[in-house]
>>> print(open('data-v8.cif').read())   # mmCIF, C-alpha atoms
data_final
loop_
_atom_site.label_atom_id
_atom_site.label_comp_id
_atom_site.auth_asym_id
_atom_site.auth_seq_id
_atom_site.Cartn_x
_atom_site.Cartn_y
_atom_site.Cartn_z
CA MET A 122 -18.22 4.23 22.87
CA HIS A 123 -16.35 1.04 23.68
CA LEU A 124 -14.10 -1.34 21.83
CA VAL A 125 -15.40 -4.78 21.00
CA GLY A 126 -12.89 -7.52 20.31
CA THR A 127 -12.94 -10.38 17.87
CA SER A 128 -16.02 -12.54 18.21
CA PRO A 129 -16.33 -16.24 17.42
CA GLN A 130 -16.97 -16.89 13.74
CA ILE A 131 -20.28 -18.25 12.65
CA THR A 132 -20.57 -20.82 9.86
CA PRO A 133 -17.14 -21.72 8.40
CA ALA A 134 -17.19 -19.79 5.15
CA GLY A 135 -14.51 -21.66 3.25
CA ARG A 136 -17.00 -24.34 2.19
CA ALA A 137 -18.99 -24.19 -0.99
CA ALA A 138 -22.38 -22.59 -0.59
CA ALA A 139 -24.19 -25.83 -1.41
CA ASP A 140 -22.48 -27.84 1.35
CA ASP A 141 -24.70 -29.64 3.83
CA GLY A 142 -24.93 -28.04 7.23
CA LEU A 143 -24.64 -24.40 6.23
CA VAL A 144 -26.38 -22.04 8.61
CA PHE A 145 -28.28 -19.04 7.25
CA ASP A 146 -29.81 -16.30 9.34
CA THR A 147 -33.37 -16.11 8.05
CA HIS A 148 -33.81 -12.41 8.82
CA LYS A 149 -36.05 -10.75 6.25
CA PRO A 150 -35.92 -7.00 5.51
CA SER A 151 -38.59 -4.54 6.56
CA LYS A 152 -41.05 -3.58 3.85
CA GLU A 153 -41.24 0.00 5.13
CA SER A 154 -39.30 2.29 2.79
CA ASP A 155 -38.72 4.89 5.53
CA ALA A 156 -37.99 2.51 8.41
CA THR A 157 -35.02 3.20 10.67
CA ILE A 158 -32.08 1.07 9.56
CA ARG A 159 -28.91 0.12 11.42
CA VAL A 160 -25.75 0.60 9.33
CA ALA A 161 -22.07 -0.18 10.00
CA PHE A 162 -18.79 0.43 8.19
CA ILE A 163 -15.91 -1.96 7.66
CA GLY A 164 -12.82 0.16 7.19
CA ALA A 165 -12.05 3.50 8.84
CA GLY A 166 -9.95 4.84 5.95
CA GLY A 167 -10.43 7.28 3.10
CA ILE A 168 -12.96 5.35 1.01
CA ASN A 169 -15.52 5.39 3.80
CA PHE A 170 -14.56 8.62 5.56
CA GLY A 171 -13.18 10.74 2.74
CA LYS A 172 -9.72 11.81 1.64
CA PRO A 173 -8.44 15.09 0.14
CA GLY A 174 -8.40 15.02 -3.65
CA ARG A 175 -10.76 12.04 -3.93
CA PRO A 176 -14.57 12.11 -4.31
CA TRP A 177 -15.30 8.93 -2.30
CA ASN A 178 -16.89 9.46 1.12
CA HIS A 179 -19.47 6.79 1.95
CA VAL A 180 -20.08 8.12 5.45
CA ARG A 181 -21.19 11.44 4.00
CA ALA A 182 -23.52 9.67 1.56
CA VAL A 183 -25.04 7.50 4.29
CA SER A 184 -25.43 10.44 6.66
CA SER A 185 -27.57 12.27 4.10
CA ILE A 186 -30.23 9.55 4.24
CA PRO A 187 -33.04 9.99 6.81
CA GLY A 188 -33.60 7.21 9.32
CA VAL A 189 -30.06 5.81 9.31
CA GLN A 190 -28.40 4.87 12.61
CA VAL A 191 -24.68 4.06 12.51
CA VAL A 192 -24.06 1.23 14.98
CA GLY A 193 -20.47 0.21 14.29
CA ILE A 194 -17.09 0.69 12.64
CA ALA A 195 -14.80 -2.32 12.23
CA ASP A 196 -11.08 -1.80 11.62
CA PRO A 197 -7.93 -3.25 13.24
CA ASP A 198 -6.66 0.33 13.73
CA THR A 199 -8.64 0.88 16.91
CA THR A 200 -7.10 4.30 17.53
CA LEU A 201 -8.40 5.54 14.20
CA VAL A 202 -11.83 3.99 14.83
CA ARG A 203 -12.15 5.81 18.17
CA GLU A 204 -11.07 9.04 16.50
CA ARG A 205 -13.68 8.65 13.77
CA ILE A 206 -16.47 8.03 16.27
CA ARG A 207 -15.36 10.93 18.45
CA GLU A 208 -15.39 13.30 15.47
CA LYS A 209 -18.89 12.24 14.47
CA LEU A 210 -20.25 12.54 18.00
CA GLN A 211 -19.03 16.14 18.03
CA GLY A 212 -20.46 16.94 14.59
CA PRO A 213 -23.82 18.16 13.29
CA GLU A 214 -25.21 14.63 12.84
CA ALA A 215 -24.23 13.29 16.24
CA ASP A 216 -27.69 11.82 16.76
CA LYS A 217 -26.99 9.25 14.01
CA TRP A 218 -23.84 8.08 15.83
CA GLN A 219 -25.05 7.80 19.43
CA ASP A 220 -25.11 3.99 19.34
CA CYS A 221 -21.90 3.50 17.34
CA GLU A 222 -19.47 0.91 18.71
CA ALA A 223 -15.87 0.17 17.74
CA PHE A 224 -14.92 -3.31 16.55
CA THR A 225 -11.58 -4.80 15.66
CA ASP A 226 -13.02 -6.91 12.83
CA TYR A 227 -16.26 -7.77 11.04
CA HIS A 228 -16.95 -10.84 13.20
CA GLY A 229 -17.78 -8.46 16.02
CA LEU A 230 -20.44 -6.83 13.88
CA ILE A 231 -22.10 -10.18 13.25
CA ALA A 232 -22.14 -11.06 16.94
CA ALA A 233 -23.09 -7.57 18.16
CA ARG A 234 -26.12 -7.08 20.35
CA ASN A 235 -27.13 -4.21 18.07
CA ARG A 236 -26.29 -6.06 14.85
CA PRO A 237 -26.28 -3.88 11.71
CA GLU A 238 -28.83 -4.57 9.01
CA ALA A 239 -26.57 -3.11 6.31
CA VAL A 240 -22.78 -2.86 6.07
CA ILE A 241 -20.54 -0.79 3.80
CA ILE A 242 -17.24 -2.55 3.01
CA GLY A 243 -14.42 -0.13 2.22
CA VAL A 244 -11.17 -2.05 2.71
CA PRO A 245 -8.33 -3.14 0.37
CA PRO A 246 -9.26 -5.92 -2.07
CA PHE A 247 -6.80 -8.43 -0.62
CA CYS A 248 -8.88 -8.44 2.58
CA HIS A 249 -12.08 -9.77 1.04
CA GLY A 250 -13.71 -11.15 -2.09
CA GLY A 251 -12.91 -14.84 -1.73
CA MET A 252 -14.10 -18.21 -0.47
CA GLY A 253 -11.18 -18.96 1.84
CA PRO A 254 -11.01 -18.52 5.61
CA ASP A 255 -9.01 -15.28 5.37
CA ASN A 256 -11.03 -13.43 2.72
CA CYS A 257 -14.65 -14.62 3.08
CA MET A 258 -15.97 -11.39 4.58
CA GLU A 259 -18.90 -11.02 2.17
CA LEU A 260 -20.03 -14.61 2.56
CA ASP A 261 -19.97 -14.56 6.37
CA LEU A 262 -21.93 -11.31 6.48
CA ALA A 263 -24.48 -12.37 3.85
CA ARG A 264 -25.06 -15.69 5.59
CA ALA A 265 -25.86 -13.65 8.69
CA GLY A 266 -28.61 -11.87 6.72
CA ILE A 267 -26.74 -8.55 6.48
CA HIS A 268 -27.07 -6.44 3.33
CA LEU A 269 -23.75 -5.37 1.79
CA PHE A 270 -22.41 -2.46 -0.19
CA VAL A 271 -18.96 -3.52 -1.43
CA GLU A 272 -16.48 -0.99 -2.77
CA LYS A 273 -14.52 -2.03 -5.84
CA PRO A 274 -12.27 -3.77 -6.62
CA VAL A 275 -14.33 -6.70 -5.44
CA SER A 276 -11.29 -8.97 -5.06
CA ILE A 277 -7.79 -9.88 -6.21
CA GLN A 278 -8.61 -13.58 -6.41
CA SER A 279 -9.18 -15.48 -9.64
CA ALA A 280 -12.25 -14.66 -11.68
CA GLU A 281 -13.37 -18.25 -11.15
CA GLU A 282 -13.29 -17.87 -7.37
CA VAL A 283 -15.18 -14.58 -7.55
CA GLY A 284 -17.74 -16.33 -9.74
CA ARG A 285 -18.21 -19.02 -7.10
CA LEU A 286 -18.57 -16.33 -4.46
CA SER A 287 -21.19 -14.59 -6.58
CA ASP A 288 -23.18 -17.83 -6.79
CA ALA A 289 -22.89 -18.34 -3.04
CA LEU A 290 -24.09 -14.80 -2.34
CA GLU A 291 -27.09 -15.36 -4.59
CA GLU A 292 -27.90 -18.49 -2.61
CA CYS A 293 -27.77 -16.39 0.56
CA HIS A 294 -30.31 -14.03 -0.99
CA THR A 295 -32.58 -16.99 -1.72
CA HIS A 296 -32.40 -18.14 1.91
CA ASN A 297 -32.55 -14.86 3.83
CA GLY A 298 -33.05 -11.97 1.40
CA SER A 299 -29.57 -10.50 1.88
CA ILE A 300 -28.66 -8.05 -0.89
CA VAL A 301 -25.11 -7.39 -2.13
CA VAL A 302 -24.22 -4.47 -4.39
CA VAL A 303 -20.94 -3.01 -5.65
CA GLY A 304 -19.87 0.63 -5.81
CA TYR A 305 -19.78 1.27 -9.55
CA MET A 306 -21.07 4.79 -9.01
CA LEU A 307 -20.76 5.89 -12.66
CA ARG A 308 -23.87 3.82 -13.39
CA TYR A 309 -25.76 6.34 -11.22
CA SER A 310 -24.32 9.42 -12.96
CA ALA A 311 -26.85 11.83 -14.47
CA TRP A 312 -24.51 12.30 -17.43
CA ILE A 313 -24.46 8.57 -18.15
CA ASP A 314 -28.25 8.51 -17.84
CA ALA A 315 -28.48 11.38 -20.32
CA ALA A 316 -26.13 9.65 -22.78
CA LYS A 317 -28.15 6.44 -22.66
CA GLN A 318 -31.36 8.42 -23.15
CA LEU A 319 -29.92 10.17 -26.21
CA LEU A 320 -28.98 6.81 -27.70
CA LYS A 321 -32.45 5.45 -27.00
CA GLU A 322 -34.26 8.46 -28.48
CA ALA A 323 -32.14 8.31 -31.64
CA GLY A 324 -32.42 4.54 -31.94
CA ALA A 325 -28.63 4.60 -32.18
CA ILE A 326 -26.58 1.45 -31.66
CA PRO A 327 -22.96 1.94 -30.54
CA VAL A 328 -20.39 0.94 -33.14
CA ALA A 329 -17.34 1.72 -31.00
CA VAL A 330 -16.68 2.87 -27.44
CA VAL A 331 -13.32 4.39 -26.53
CA ALA A 332 -12.29 5.03 -22.92
CA ARG A 333 -9.24 6.96 -21.77
CA MET A 334 -8.16 7.38 -18.17
CA SER A 335 -4.90 8.73 -16.76
CA ALA A 336 -4.31 8.97 -13.02
CA GLY A 337 -2.01 11.25 -11.06
CA HIS A 338 0.47 9.33 -8.94
CA SER A 339 2.21 11.99 -6.86
CA PHE A 340 0.14 11.52 -3.71
CA THR A 341 -0.66 7.81 -3.98
CA ALA A 342 1.13 7.03 -0.74
CA LYS A 343 -0.16 3.47 -0.32
CA PRO A 344 2.38 0.68 -0.94
CA ALA A 345 -0.52 -1.74 -1.46
CA PHE A 346 -1.65 0.20 -4.55
CA TRP A 347 1.76 -0.29 -6.15
CA ASP A 348 1.81 -4.02 -5.40
CA ILE A 349 -0.10 -6.19 -7.88
CA ALA A 350 -0.38 -8.95 -5.27
CA ARG A 351 -2.38 -6.61 -3.05
CA SER A 352 -4.23 -4.36 -5.51
CA GLY A 353 -4.64 -6.59 -8.56
CA GLY A 354 -2.98 -3.97 -10.75
CA PRO A 355 -4.24 -0.70 -12.26
CA ILE A 356 -6.82 -2.27 -14.59
CA VAL A 357 -8.42 -4.17 -11.71
CA GLU A 358 -8.03 -1.27 -9.29
CA GLN A 359 -8.81 1.83 -11.39
CA ALA A 360 -9.79 1.11 -14.99
CA THR A 361 -12.46 -1.27 -13.70
CA HIS A 362 -14.86 1.70 -13.58
CA PHE A 363 -14.55 2.24 -17.33
CA ILE A 364 -14.69 -1.43 -18.25
CA ASP A 365 -17.85 -1.71 -16.18
CA LEU A 366 -19.29 1.42 -17.78
CA MET A 367 -18.53 0.10 -21.27
CA ARG A 368 -20.37 -3.13 -20.38
CA TYR A 369 -23.26 -1.05 -19.04
CA ILE A 370 -23.56 0.69 -22.40
CA CYS A 371 -22.60 -2.04 -24.90
CA GLY A 372 -23.14 -5.39 -23.17
CA GLU A 373 -20.77 -8.29 -22.67
CA ILE A 374 -17.16 -8.44 -23.88
CA SER A 375 -15.99 -11.35 -26.03
CA ALA A 376 -12.99 -12.76 -24.16
CA ASP A 377 -11.19 -14.27 -27.13
CA THR A 378 -11.06 -10.92 -28.96
CA ILE A 379 -9.06 -9.05 -26.29
CA HIS A 380 -5.62 -7.76 -27.27
CA ALA A 381 -3.51 -5.56 -25.02
CA VAL A 382 -0.03 -4.13 -24.53
CA ALA A 383 1.47 -2.49 -21.46
CA LEU A 384 4.41 -0.38 -20.38
CA GLY A 385 5.82 -2.07 -17.30
CA PRO A 386 7.30 -1.01 -13.97
CA ASN A 387 10.84 -0.38 -15.20
CA LEU A 388 9.68 3.07 -16.25
CA ARG A 389 10.59 5.23 -13.28
CA LEU A 390 7.97 7.79 -12.29
CA ALA A 391 9.53 11.11 -11.32
CA ASP A 392 7.06 12.40 -8.75
CA MET A 393 6.18 9.40 -6.58
CA ALA A 394 5.58 9.73 -2.86
CA PRO A 395 8.86 9.45 -0.94
CA PRO A 396 10.07 6.12 0.51
CA PRO A 397 8.62 3.99 1.91
CA GLN A 398 5.16 5.27 0.98
CA SER A 399 4.90 4.03 -2.60
CA GLU A 400 6.60 1.15 -4.43
CA HIS A 401 10.09 1.45 -2.98
CA GLN A 402 9.80 -1.72 -0.91
CA VAL A 403 7.71 -3.67 -3.43
CA PRO A 404 9.70 -6.35 -5.31
CA MET A 405 10.10 -5.54 -9.01
CA GLU A 406 8.13 -8.61 -10.08
CA ARG A 407 5.11 -7.31 -8.12
CA ARG A 408 5.21 -3.68 -9.29
CA ILE A 409 2.41 -2.45 -11.50
CA ASN A 410 2.26 -1.40 -15.15
CA ARG A 411 2.52 2.30 -15.98
CA ALA A 412 0.29 2.29 -19.07
CA THR A 413 -2.04 -0.21 -20.76
CA ALA A 414 -3.82 -0.13 -24.11
CA ALA A 415 -6.45 -2.77 -24.93
CA THR A 416 -8.98 -3.49 -27.67
CA TRP A 417 -11.80 -6.03 -27.95
CA CYS A 418 -15.17 -6.80 -29.49
CA PHE A 419 -18.45 -6.82 -27.64
CA GLU A 420 -20.74 -9.77 -28.18
CA GLY A 421 -23.24 -7.42 -29.80
CA GLY A 422 -20.73 -6.46 -32.50
CA ALA A 423 -19.34 -3.11 -31.31
CA ILE A 424 -15.63 -2.66 -30.69
CA GLY A 425 -14.08 -1.35 -27.49
CA SER A 426 -10.82 0.43 -26.79
CA LEU A 427 -9.32 1.24 -23.39
CA PHE A 428 -6.27 3.29 -22.49
CA HIS A 429 -5.14 3.64 -18.88
CA SER A 430 -2.03 5.15 -17.35
CA ILE A 431 -0.67 6.31 -14.00
CA VAL A 432 1.94 8.69 -15.44
CA LEU A 433 0.41 12.09 -14.59
CA GLU A 434 1.73 14.13 -11.67
CA GLY A 435 -0.54 15.54 -9.00
CA SER A 436 -3.66 13.74 -7.76
CA ARG A 437 -6.45 14.42 -10.26
CA PHE A 438 -7.61 11.97 -12.89
CA THR A 439 -8.24 12.85 -16.50
CA ALA A 440 -10.89 10.67 -18.11
CA GLU A 441 -13.13 10.60 -21.16
CA LEU A 442 -15.52 8.18 -22.84
CA ASP A 443 -16.42 8.39 -26.55
CA ILE A 444 -19.45 6.57 -27.95
CA PHE A 445 -19.55 6.35 -31.75
CA CYS A 446 -22.71 5.35 -33.62
CA ASP A 447 -23.81 5.58 -37.24
CA GLY A 448 -24.20 9.36 -37.62
CA MET A 449 -23.78 10.14 -33.91
CA HIS A 450 -20.94 10.82 -31.48
CA LEU A 451 -21.25 11.30 -27.71
CA VAL A 452 -18.38 12.52 -25.54
CA ILE A 453 -18.60 12.05 -21.76
CA GLY A 454 -15.89 14.16 -20.17
CA ASN A 455 -14.23 13.70 -16.77
CA PRO A 456 -17.10 11.86 -15.06
CA TYR A 457 -15.30 11.80 -11.68
CA PHE A 458 -14.79 15.50 -10.99
CA GLU A 459 -16.21 17.83 -13.67
CA PRO A 460 -18.63 15.75 -15.75
CA SER A 461 -19.86 16.97 -19.10
CA LEU A 462 -21.69 15.55 -22.10
CA ARG A 463 -21.39 16.67 -25.72
CA VAL A 464 -23.23 15.21 -28.68
CA ARG A 465 -22.83 15.45 -32.44
CA ARG A 466 -26.05 14.36 -34.08
CA GLY A 467 -26.75 12.95 -37.52
CA ARG A 468 -26.05 15.25 -40.49
CA CYS A 469 -24.58 17.88 -38.17
CA GLU A 470 -20.92 18.79 -37.84
CA ASP A 471 -21.24 20.80 -34.63
CA TYR A 472 -21.22 19.52 -31.06
CA GLU A 473 -23.98 20.41 -28.63
CA GLN A 474 -23.37 20.68 -24.89
CA VAL A 475 -26.06 18.66 -23.11
CA ASP A 476 -27.60 20.31 -20.04
CA VAL A 477 -28.36 17.87 -17.22
CA GLY A 478 -29.01 20.49 -14.54
CA ASP A 479 -26.97 20.19 -11.38
CA GLY A 480 -26.40 16.51 -12.15
CA GLY A 481 -26.97 15.42 -8.57
CA ASP A 482 -24.46 13.31 -6.65
CA MET A 483 -23.85 9.82 -8.04
CA PHE A 484 -22.28 8.65 -4.77
CA ALA A 485 -25.30 9.78 -2.77
CA GLU A 486 -27.67 8.24 -5.31
CA GLU A 487 -26.03 4.80 -5.34
CA MET A 488 -26.11 4.76 -1.53
CA ARG A 489 -29.73 5.95 -1.40
CA VAL A 490 -30.76 3.14 -3.75
CA PHE A 491 -28.81 0.58 -1.71
CA ILE A 492 -30.37 1.66 1.60
CA GLN A 493 -33.82 1.63 -0.01
CA ALA A 494 -33.22 -1.92 -1.22
CA ALA A 495 -31.97 -2.97 2.22
CA ARG A 496 -35.11 -1.55 3.82
CA THR A 497 -37.61 -3.06 1.40
CA GLY A 498 -35.88 -6.12 -0.07
CA GLU A 499 -36.61 -4.78 -3.56
CA ARG A 500 -33.66 -5.09 -5.99
CA SER A 501 -35.21 -3.65 -9.16
CA LEU A 502 -33.61 -0.20 -8.82
CA LEU A 503 -30.10 -1.54 -8.22
CA ARG A 504 -27.76 -0.92 -11.15
CA SER A 505 -24.73 -2.86 -9.93
CA THR A 506 -25.49 -6.15 -8.25
CA TYR A 507 -22.63 -8.37 -7.15
CA SER A 508 -23.32 -10.89 -9.89
CA ASP A 509 -23.06 -8.18 -12.54
CA ALA A 510 -19.95 -6.68 -10.93
CA ALA A 511 -18.33 -10.13 -10.94
CA ARG A 512 -18.54 -10.08 -14.73
CA SER A 513 -16.82 -6.69 -14.85
CA TYR A 514 -14.13 -8.09 -12.57
CA GLN A 515 -13.68 -11.04 -14.92
CA CYS A 516 -13.14 -8.60 -17.80
CA THR A 517 -10.47 -6.67 -15.87
CA LYS A 518 -8.66 -9.94 -15.24
CA TRP A 519 -8.87 -10.81 -18.93
CA VAL A 520 -7.32 -7.48 -19.92
CA THR A 521 -4.61 -7.78 -17.28
CA SER A 522 -3.71 -11.27 -18.47
CA ALA A 523 -3.72 -10.18 -22.12
CA SER A 524 -1.39 -7.23 -21.49
CA ILE A 525 1.96 -8.12 -23.02
CA GLN A 526 4.54 -5.60 -21.91
CA THR A 527 6.43 -3.68 -24.58
CA PRO A 528 9.83 -5.24 -25.33
CA LYS A 529 11.79 -2.09 -24.47
CA SER A 530 11.47 0.62 -21.86
CA ALA A 531 10.25 4.07 -22.85
CA SER A 532 13.21 5.58 -21.00
CA THR A 533 15.93 3.02 -21.70
CA ALA A 534 16.32 0.80 -24.74
CA ALA A 535 18.00 -2.15 -23.10
CA THR A 536 15.68 -3.62 -20.46
CA PRO A 537 13.99 -6.95 -21.25
CA TRP A 538 10.33 -7.27 -20.31
CA ILE A 539 8.12 -10.06 -19.12
CA THR A 540 4.52 -10.73 -20.00
CA SER A 541 1.91 -9.40 -17.63
CA ASN A 542 0.42 -12.90 -17.63
CA SER A 543 3.24 -14.39 -15.58
CA HIS A 544 3.87 -11.11 -13.77
CA ALA A 545 0.32 -10.92 -12.43
CA ASP A 546 -0.49 -14.57 -11.90
CA ALA A 547 2.73 -15.39 -10.05
CA ALA A 548 2.34 -12.37 -7.80
CA ILE A 549 -1.32 -12.90 -6.98
CA SER A 550 -0.73 -16.57 -6.24
CA LYS A 551 1.24 -15.34 -3.23
CA ALA A 552 -1.51 -13.01 -2.06
CA ALA A 553 -2.81 -15.46 0.54
CA ASP A 554 0.44 -14.98 2.42
CA LEU A 555 -0.28 -11.25 2.62
CA THR A 556 -3.93 -11.42 3.59
CA PRO A 557 -4.67 -10.56 7.24
CA ALA A 558 -6.81 -13.02 9.13
CA SER A 559 -9.37 -10.36 9.95
CA ILE A 560 -10.39 -6.83 9.09
#
>>> encode(input="data-v8.cif", output="structure tokens")
Amino acid sequence: MHLVGTSPQITPAGRAAADDGLVFDTHKPSKESDATIRVAFIGAGGINFGKPGRPWNHVRAVSSIPGVQVVGIADPDTTLVRERIREKLQGPEADKWQDCEAFTDYHGLIAARNRPEAVIIGVPPFCHGGMGPDNCMELDLARAGIHLFVEKPVSIQSAEEVGRLSDALEECHTHNGSIVVVGYMLRYSAWIDAAKQLLKEAGAIPVAVVARMSAGHSFTAKPAFWDIARSGGPIVEQATHFIDLMRYICGEISADTIHAVALGPNLRLADMAPPPQSEHQVPMERRINRATAATWCFEGGAIGSLFHSIVLEGSRFTAELDIFCDGMHLVIGNPYFEPSLRVRRGRCEDYEQVDVGDGGDMFAEEMRVFIQAARTGERSLLRSTYSDAARSYQCTKWVTSASIQTPKSASTAATPWITSNSHADAAISKAADLTPASI
């Protein structure tokens, strides 16, 4: 193991994808579905390596796939990177990590002698997801012909900029076959599959979809989460999974039908992590909403309703999705930790528990499908491409912008409130000042 420093950048990524003079690596993927594949991770934190109380652990998912060789970890915290590699070299899958190198940033991965063929990006959203010189991680890697798995949120930039990035990434695919997917793992859930199959078998068309999600905040000891300029806010950061899932079931959302209200940051939460680990040093104008309720229409005619809050204590989420049809009701319970599916069928007043067996592992499945696509170049099994995820991101931005904060606090009756529109847009406009030059 040795540490590799920052390498010279390749093509300047701040330019539009159609500019003259762009350089694309013309690497094409192997067509062998079981070929050995070189994989690297950007980010040595909890999303990639696991964290108590959270189900995300991309390293575990990758390690379960035969033929994977981990060739790099990129993170500015070089001490943590060395520790991660050392742990893996002493573990039961040490053979997969024998060639792993430590890098201070993603440029080193691109320039590496043993360049990865696929990269998993698990870093905060203010570090990537843009077209500028400080957040163009995806574009640089895709231009180099590297396949990407990007954890959500995909960005904190404007929806328009993310749309341009999506177009540029698609152009990269045209030139060199690079594939970019996003970690909306609920699309790979066996319970979601079963719900969609029940709808198909019954010929049932959703009339309304209602999503409820409340997060525990006691152990969220990341100041960036509490700062809308660095996280995008709770709809972009957390509720994005349910907005994406509602799109997956009902299709596109009609932007001009969105209405939303929010309870803002003046509501003090009693069980936050102690200073300075949560919002204590975040300016009030950049603190995030405590609860949001939104409604809209889908282009297909159904209506959608979303409730999200961060007011629970502890660390576990509570979440539920209701799908109402003419004569049918499906209830998907707690899809993160203890998934379940109940159905009330036509002319029946009782609910039936749907058996989906062991349900598998949606995190392992989404990674298996990504690695298969990276090996073969075949995108047909992917359920969350970057272009599709960009539309979900656009919807989260719409809801955030539509969220008008309630005129009075739930705990005090005298505090004036501002609209989330100005709250979010003014804060995120300063995000470039907070973005590190490299991760």
>>> closest_residue(input="data-v8.cif", among="A:Gly171, A:Pro327, A:Gly250, A:Gly478", to="A:Ile444", atoms="all atoms listed in the file")
A:Pro327
>>> closest_residue(input="data-v8.cif", among="A:Gly229, A:Gly337, A:Pro460, A:Gly454", to="A:Gly435", atoms="only C-alpha atoms")
A:Gly337
>>> resolve_selection(input="data-v8.cif", expression="the PyMOL selection byres ((chain A and resi 179) around 7)", output="list in words")
Ile168, Asn169, Phe170, Trp177, Asn178, Val180, Arg181, Ala182 and Val183 of chain A
>>> residues_near_point(input="data-v8.cif", point="(0.4, 11.9, -7.2)", cutoff="9 Å", atoms="all atoms listed in the file", output="ChimeraX atom specification")
/A:336-342,392-394,431-437
>>> resolve_selection(input="data-v8.cif", expression="the PyMOL selection byres ((chain A and resi 241) around 7)", output="JSON list (two decimals) with C-alpha atoms, in the coordinates of the input")
[["chain", "number", "residue", "atom", "x", "y", "z"],
["A", 161, "ALA", "CA", -22.07, -0.18, 10.00],
["A", 162, "PHE", "CA", -18.79, 0.43, 8.19],
["A", 163, "ILE", "CA", -15.91, -1.96, 7.66],
["A", 239, "ALA", "CA", -26.57, -3.11, 6.31],
["A", 240, "VAL", "CA", -22.78, -2.86, 6.07],
["A", 242, "ILE", "CA", -17.24, -2.55, 3.01],
["A", 243, "GLY", "CA", -14.42, -0.13, 2.22],
["A", 269, "LEU", "CA", -23.75, -5.37, 1.79],
["A", 270, "PHE", "CA", -22.41, -2.46, -0.19],
["A", 271, "VAL", "CA", -18.96, -3.52, -1.43]]
>>> atom_distance(input="data-v8.cif", atom1="atom CA of A:Gln474", atom2="atom CA of A:Ser461")
7.7 Å
>>> resolve_selection(input="data-v8.cif", expression="the PyMOL selection byres ((chain A and resi 312) around 9)", output="list in words")
Leu307, Tyr309, Ser310, Ala311, Ile313, Asp314, Ala315, Ala316, Lys317, Ile453, Pro456, Pro460, Ser461, Leu462, Val475, Asp476, Val477 and Gly480 of chain A
>>> residues_near_point(input="data-v8.cif", point="(-33.6, 7.9, 2.7)", cutoff="6 Å", atoms="only C-alpha atoms", output="PyMOL selection string")
chain A and resi 186-187+489
>>> closest_residue(input="data-v8.cif", among="A:Ala156, A:Cys371, A:Ala412, A:Ala329", to="A:Ile525", atoms="all atoms listed in the file")
A:Ala412
>>> closest_atom_pairs(input="data-v8.cif", of="stretch 356-375 of chain A", to="stretch 500-515 of chain A", cutoff="10 Å", atoms="only C-alpha atoms", output="Markdown table")
| residue | atom | partner | partner_atom | distance |
| --- | --- | --- | --- | --- |
| A:Ile356 | CA | A:Tyr514 | CA | 9.6 |
| A:Val357 | CA | A:Tyr514 | CA | 7.0 |
| A:Glu358 | CA | A:Tyr514 | CA | 9.7 |
| A:Thr361 | CA | A:Ser513 | CA | 7.1 |
| A:His362 | CA | A:Ser513 | CA | 8.7 |
| A:Phe363 | CA | A:Ser513 | CA | 9.5 |
| A:Ile364 | CA | A:Ser513 | CA | 6.6 |
| A:Asp365 | CA | A:Ser513 | CA | 5.3 |
| A:Leu366 | CA | A:Ser513 | CA | 9.0 |
| A:Met367 | CA | A:Ser513 | CA | 9.5 |
| A:Arg368 | CA | A:Ser513 | CA | 7.5 |
| A:Tyr369 | CA | A:Arg504 | CA | 9.1 |
| A:Glu373 | CA | A:Arg512 | CA | 8.4 |
| A:Ile374 | CA | A:Ser513 | CA | 9.2 |
>>> atom_distance(input="data-v8.cif", atom1="atom CA of A:Pro237", atom2="atom CA of A:Tyr305")
22.8 Å
>>> closest_residue(input="data-v8.cif", among="A:Leu427, A:Val328, A:Ala280, A:Cys221", to="A:Asp447", atoms="only C-alpha atoms")
A:Val328
>>> residues_around(input="data-v8.cif", residues="A:Phe247", least_positions_apart="2", cutoff="7 Å", atoms="all atoms listed in the file", output="PyMOL selection string")
chain A and resi 245+249+276-277+351-352+556
>>> closest_residue(input="data-v8.cif", among="A:Asp443, A:Glu406, A:Glu238, A:Glu420", to="A:Ala263", atoms="all atoms listed in the file")
A:Glu238
>>> closest_residue(input="data-v8.cif", among="A:Gly353, A:Ala495, A:Gly188, A:Arg207", to="A:Gly298", atoms="only C-alpha atoms")
A:Ala495
>>> atom_distance(input="data-v8.cif", atom1="atom CA of A:Asn455", atom2="atom CA of A:Ala494")
29.1 Å
>>> residues_around(input="data-v8.cif", residues="stretch 407-411 of chain A", least_positions_apart="5", cutoff="8 Å", atoms="all atoms listed in the file", output="VMD selection string")
chain A and resid 347 to 350 354 to 355 383 to 386 388 400 430 to 432 544 to 545 548
>>> decode(input="data-v8.cif", residues="stretch 381-394 of chain A", atoms="C-alpha atoms", output="compact mmCIF listing (two decimals), in the first residue's frame")
# COMPACT_ATOMS: atom_id res chain seq x y z
CA ALA A 381 -45.83 22.47 -0.22
CA VAL A 382 -45.48 23.85 3.29
CA ALA A 383 -42.63 23.41 5.75
CA LEU A 384 -41.79 23.86 9.41
CA GLY A 385 -38.49 25.70 9.48
CA PRO A 386 -35.30 25.62 11.55
CA ASN A 387 -36.53 27.80 14.41
CA LEU A 388 -38.07 24.67 15.90
CA ARG A 389 -35.39 23.45 18.30
CA LEU A 390 -34.81 19.71 18.30
CA ALA A 391 -34.27 18.36 21.79
CA ASP A 392 -31.94 15.44 21.14
CA MET A 393 -29.41 16.69 18.60
CA ALA A 394 -25.78 15.63 18.71
